[in-house]
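Beneath this line is the structure, given in structure tokens, with notes to follow.
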Amino acid sequence: MTDDTLKKQIRQGIDHRLAVRVYSDRKISKEDVDFILDAAWLSPSSIGLEAWRFIVLEDDSIKEALKEIAWGAQYQLETASHFVLLIAGKDVRYDSDNVYQSLVRRGLTDEADLKARLARYRSFQESDMHLDSPRALFDWAAKQTYIALGNMMMTASLMGIDSCPIEGFDYDKVNQLLSKAGLIDPQKEGIASMLSLGYRLRDPKHPRSRKPREDVVFWK
Ligand SMILES: Cc1cc2nc3c(=O)[nH]c(=O)nc-3n(C[C@H](O)[C@H](O)[C@H](O)COP(=O)(O)O)c2cc1C
């Protein structure tokens, strides 16, 4: 059985987390932000792809421009201590350099093993998952970034730091902006989501609302 004190701390972390839209002016230390980013960096990804980058946005002029096109991040862009862009790769087909490099990273160097593994990935992508368009491949890569997103939020919450995940923005316009600013290569990657981090200005007015547990958790 897991230690009760540890479980209590984890539960507190789960309960502390909520989507915070307005932050106080207290800044998160660089050390703590780096700790949170470690949780993203070390997150798992399908076939160990790691087709992602996490950009801590420091440029105020880009934040200002984002406000125009990110309806879901208005106060957060103004008040968050730190603002992270989760970027996903587009070049993630079985025969891409990204996939090849992921195998090499994991120590697969034998030519025959590599070939067999890539054939497996081809059938996984084409027959099992039907990743049959650039959009489907990008969405598959973007899905992986949500694991990093969750890990960052949970890590932050365990540290008493607040956050909010953000999908409320015009994807085409954000990609254009980031590309123009030289933050992404639009041929190779695109925005998946964003994350604001900081310390809440105030506690929420309403208690957390969720479906009844028995409607979503099943033992069969
Ligand atoms: C993938 C995702 C995208 C979200 N996008 C936004 C957003 O753009 N703006 C916002 O204010 N909240 C956003 N939220 C926060 C949700 O509205 C919030 O998590 C949900 O209402 C549950 O509330 P809680 O997080 O406080 O428990 C997003 C949440 C998720 C998981």
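By convention in this document, the chains of the structure tokens carry letters A, B, ... by their order, each chain's residues are numbered from 1, and ligands are numbered from 1 in the order they are shown.
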Using only C-alpha atoms and all ligand atoms, find each residue with an atom at most 12 Å away from ligand 1 and format the answer as a ChimeraX atom specification.
/A:14-22,67,69-77,86,142-143,145-150,153-154,157,162-171,192-196,200,203-211
Dump of C-alpha atoms for the selected residues, as a CSV table (one decimal), in the first residue's frame:
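Saved result, selection_31.csv, follows:
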```
chain,number,residue,atom,x,y,z
A,14,ILE,CA,-5.3,17.1,-7.2
A,15,ASP,CA,-7.8,19.2,-5.2
A,16,HIS,CA,-5.7,22.4,-5.4
A,17,ARG,CA,-5.7,22.4,-9.2
A,18,LEU,CA,-8.4,24.3,-10.9
A,19,ALA,CA,-8.4,26.5,-14.0
A,20,VAL,CA,-7.1,29.9,-12.8
A,21,ARG,CA,-7.8,32.8,-15.1
A,22,VAL,CA,-6.5,35.7,-13.1
A,67,LYS,CA,-4.3,38.6,-26.9
A,69,ILE,CA,-6.3,36.0,-31.3
A,70,ALA,CA,-6.5,34.0,-28.1
A,71,TRP,CA,-9.9,34.6,-26.6
A,72,GLY,CA,-9.4,32.0,-24.0
A,73,ALA,CA,-6.3,33.5,-22.5
A,74,GLN,CA,-7.1,37.2,-22.1
A,75,TYR,CA,-6.5,37.8,-18.4
A,76,GLN,CA,-3.9,35.0,-18.2
A,77,LEU,CA,-1.7,36.7,-20.8
A,86,LEU,CA,3.1,23.6,-26.4
A,142,ALA,CA,-0.5,17.0,-30.6
A,143,LYS,CA,-2.3,14.4,-28.5
A,145,THR,CA,1.6,17.0,-25.8
A,146,TYR,CA,-1.5,16.8,-23.6
A,147,ILE,CA,0.3,14.3,-21.5
A,148,ALA,CA,3.0,16.9,-20.9
A,149,LEU,CA,0.3,19.5,-20.3
A,150,GLY,CA,-1.3,17.4,-17.6
A,153,MET,CA,-0.4,21.1,-14.2
A,154,MET,CA,-0.2,18.4,-11.7
A,157,SER,CA,-0.3,22.1,-8.3
A,162,ASP,CA,-1.7,27.5,-10.2
A,163,SER,CA,-2.3,27.0,-13.9
A,164,CYS,CA,-4.8,26.9,-16.7
A,165,PRO,CA,-4.7,24.9,-20.0
A,166,ILE,CA,-5.6,26.9,-23.0
A,167,GLU,CA,-7.2,25.9,-26.3
A,168,GLY,CA,-9.2,29.0,-26.8
A,169,PHE,CA,-7.4,30.7,-29.8
A,170,ASP,CA,-7.4,30.9,-33.5
A,171,TYR,CA,-4.9,28.1,-34.5
A,192,ALA,CA,-1.1,22.4,-29.8
A,193,SER,CA,-2.1,24.3,-26.7
A,194,MET,CA,-0.9,26.8,-24.2
A,195,LEU,CA,-0.5,26.8,-20.4
A,196,SER,CA,-0.5,29.8,-18.0
A,200,ARG,CA,-4.2,32.7,-8.1
A,203,ASP,CA,-10.1,31.5,-4.6
A,204,PRO,CA,-13.0,30.5,-6.9
A,205,LYS,CA,-16.5,31.6,-6.2
A,206,HIS,CA,-18.0,28.2,-7.0
A,207,PRO,CA,-17.0,24.8,-5.8
A,208,ARG,CA,-15.6,22.4,-8.4
A,209,SER,CA,-18.3,20.7,-10.3
A,210,ARG,CA,-18.0,17.2,-11.8
A,211,LYS,CA,-20.2,14.4,-13.1
```
Sorted per-residue table, range 59-103 of chain A near range 181-191 of chain A, closest atoms and distance, 7 Å, only C-alpha atoms, as a Markdown table:
```
| residue | atom | partner | partner_atom | distance |
| --- | --- | --- | --- | --- |
| A:Leu86 | CA | A:Ile191 | CA | 6.1 |
| A:Ile87 | CA | A:Ile191 | CA | 4.6 |
| A:Ala88 | CA | A:Glu189 | CA | 5.5 |
| A:Gly89 | CA | A:Glu189 | CA | 4.3 |
| A:Lys90 | CA | A:Glu189 | CA | 5.0 |
| A:Asp91 | CA | A:Lys188 | CA | 5.8 |
```
Within chain A, find each residue whose DSSP state, derived from the backbone, is strand (DSSP E or B), and express the selection as a PyMOL selection string.
chain A and resi 19+23+52-56+82-89+162-166+189-198+200
Could you go through range 3-199 of chain A and tell me which residues DSSP, when run on the backbone, assigns to helix (DSSP H, G or I), listing them as a PyMOL selection string?
chain A and resi 4-16+30-41+46-48+60-69+71-79+97-105+111-128+134-158+171-180
Go through A:Gln144, A:Ser24, A:Glu64, A:Leu137 one by one, measure the shortest atom-to-atom distance of each to Trp41 in chain A using only C-alpha atoms, and give the residue with the smallest value.
A:Gln144
Taking 5 positions as the minimum chain separation for residues in the same chain, which residues sit within 9 Å of Leu114 in chain A when counting only C-alpha atoms? Answer as a PyMOL selection string.
chain A and resi 100+103-104+108-109+119
Suppose we keep C-alpha atoms; can you now write the selection as a CSV table (one decimal), in the first residue's frame?
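Dumped to selection_16.csv:
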```csv
chain,number,residue,atom,x,y,z
A,100,TYR,CA,14.0,7.3,-36.9
A,103,LEU,CA,14.5,4.7,-32.3
A,104,VAL,CA,18.2,5.7,-32.3
A,108,LEU,CA,18.0,0.6,-31.7
A,109,THR,CA,20.9,0.7,-34.2
A,119,ALA,CA,7.4,-1.7,-40.6
```
Top pick for closest residue to Glu50 in chain A, considering A:Asp113, A:Ser81, A:Thr5, A:Gln101 and counting only C-alpha atoms
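Among A:Asp113, A:Ser81, A:Thr5, A:Gln101, it is A:Gln101 that comes nearest to Glu50 in chain A.
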Pick out the residues sitting within 10 Å of His82 in chain A, and hand them over as a PyMOL selection string; count only C-alpha atoms, and ignore anything fewer than 2 positions along from it in its own chain.
chain A and resi 27-30+33+56-58+76-77+79-80+84+163+195-198
Out of A:Ile36, A:Val99, A:Val174, A:Ala141, which residue has the shortest atom-to-atom distance to Leu85 in chain A when counting only C-alpha atoms?
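Looking only at the distances to Leu85 in chain A, the closest residue turns out to be A:Val174.
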Mind pulling up the distance from CA of Tyr199 in chain A to CA of Tyr23 in chain A?
5.4 Å
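You can rank A:Arg106, A:Phe138, A:Met129, A:Leu158 by their closest distance to Lys8 in chain A using only C-alpha atoms, and at the top of that list sits A:Leu158.
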Gap from CA of Thr2 in chain A to CA of Leu37 in chain A - Å, one decimal
26.1 Å
Within 8 Å of Asn151 in chain A, counting only C-alpha atoms, which residues qualify if same-chain residues fewer than 5 places away don't, as a list of chain:residue names?
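These residues fall inside the cut-off: A:Ala39, A:Ala40, A:Ser43.
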How many Å separate CA of Lys115 in chain A from CA of Ala51 in chain A?
20.5 Å
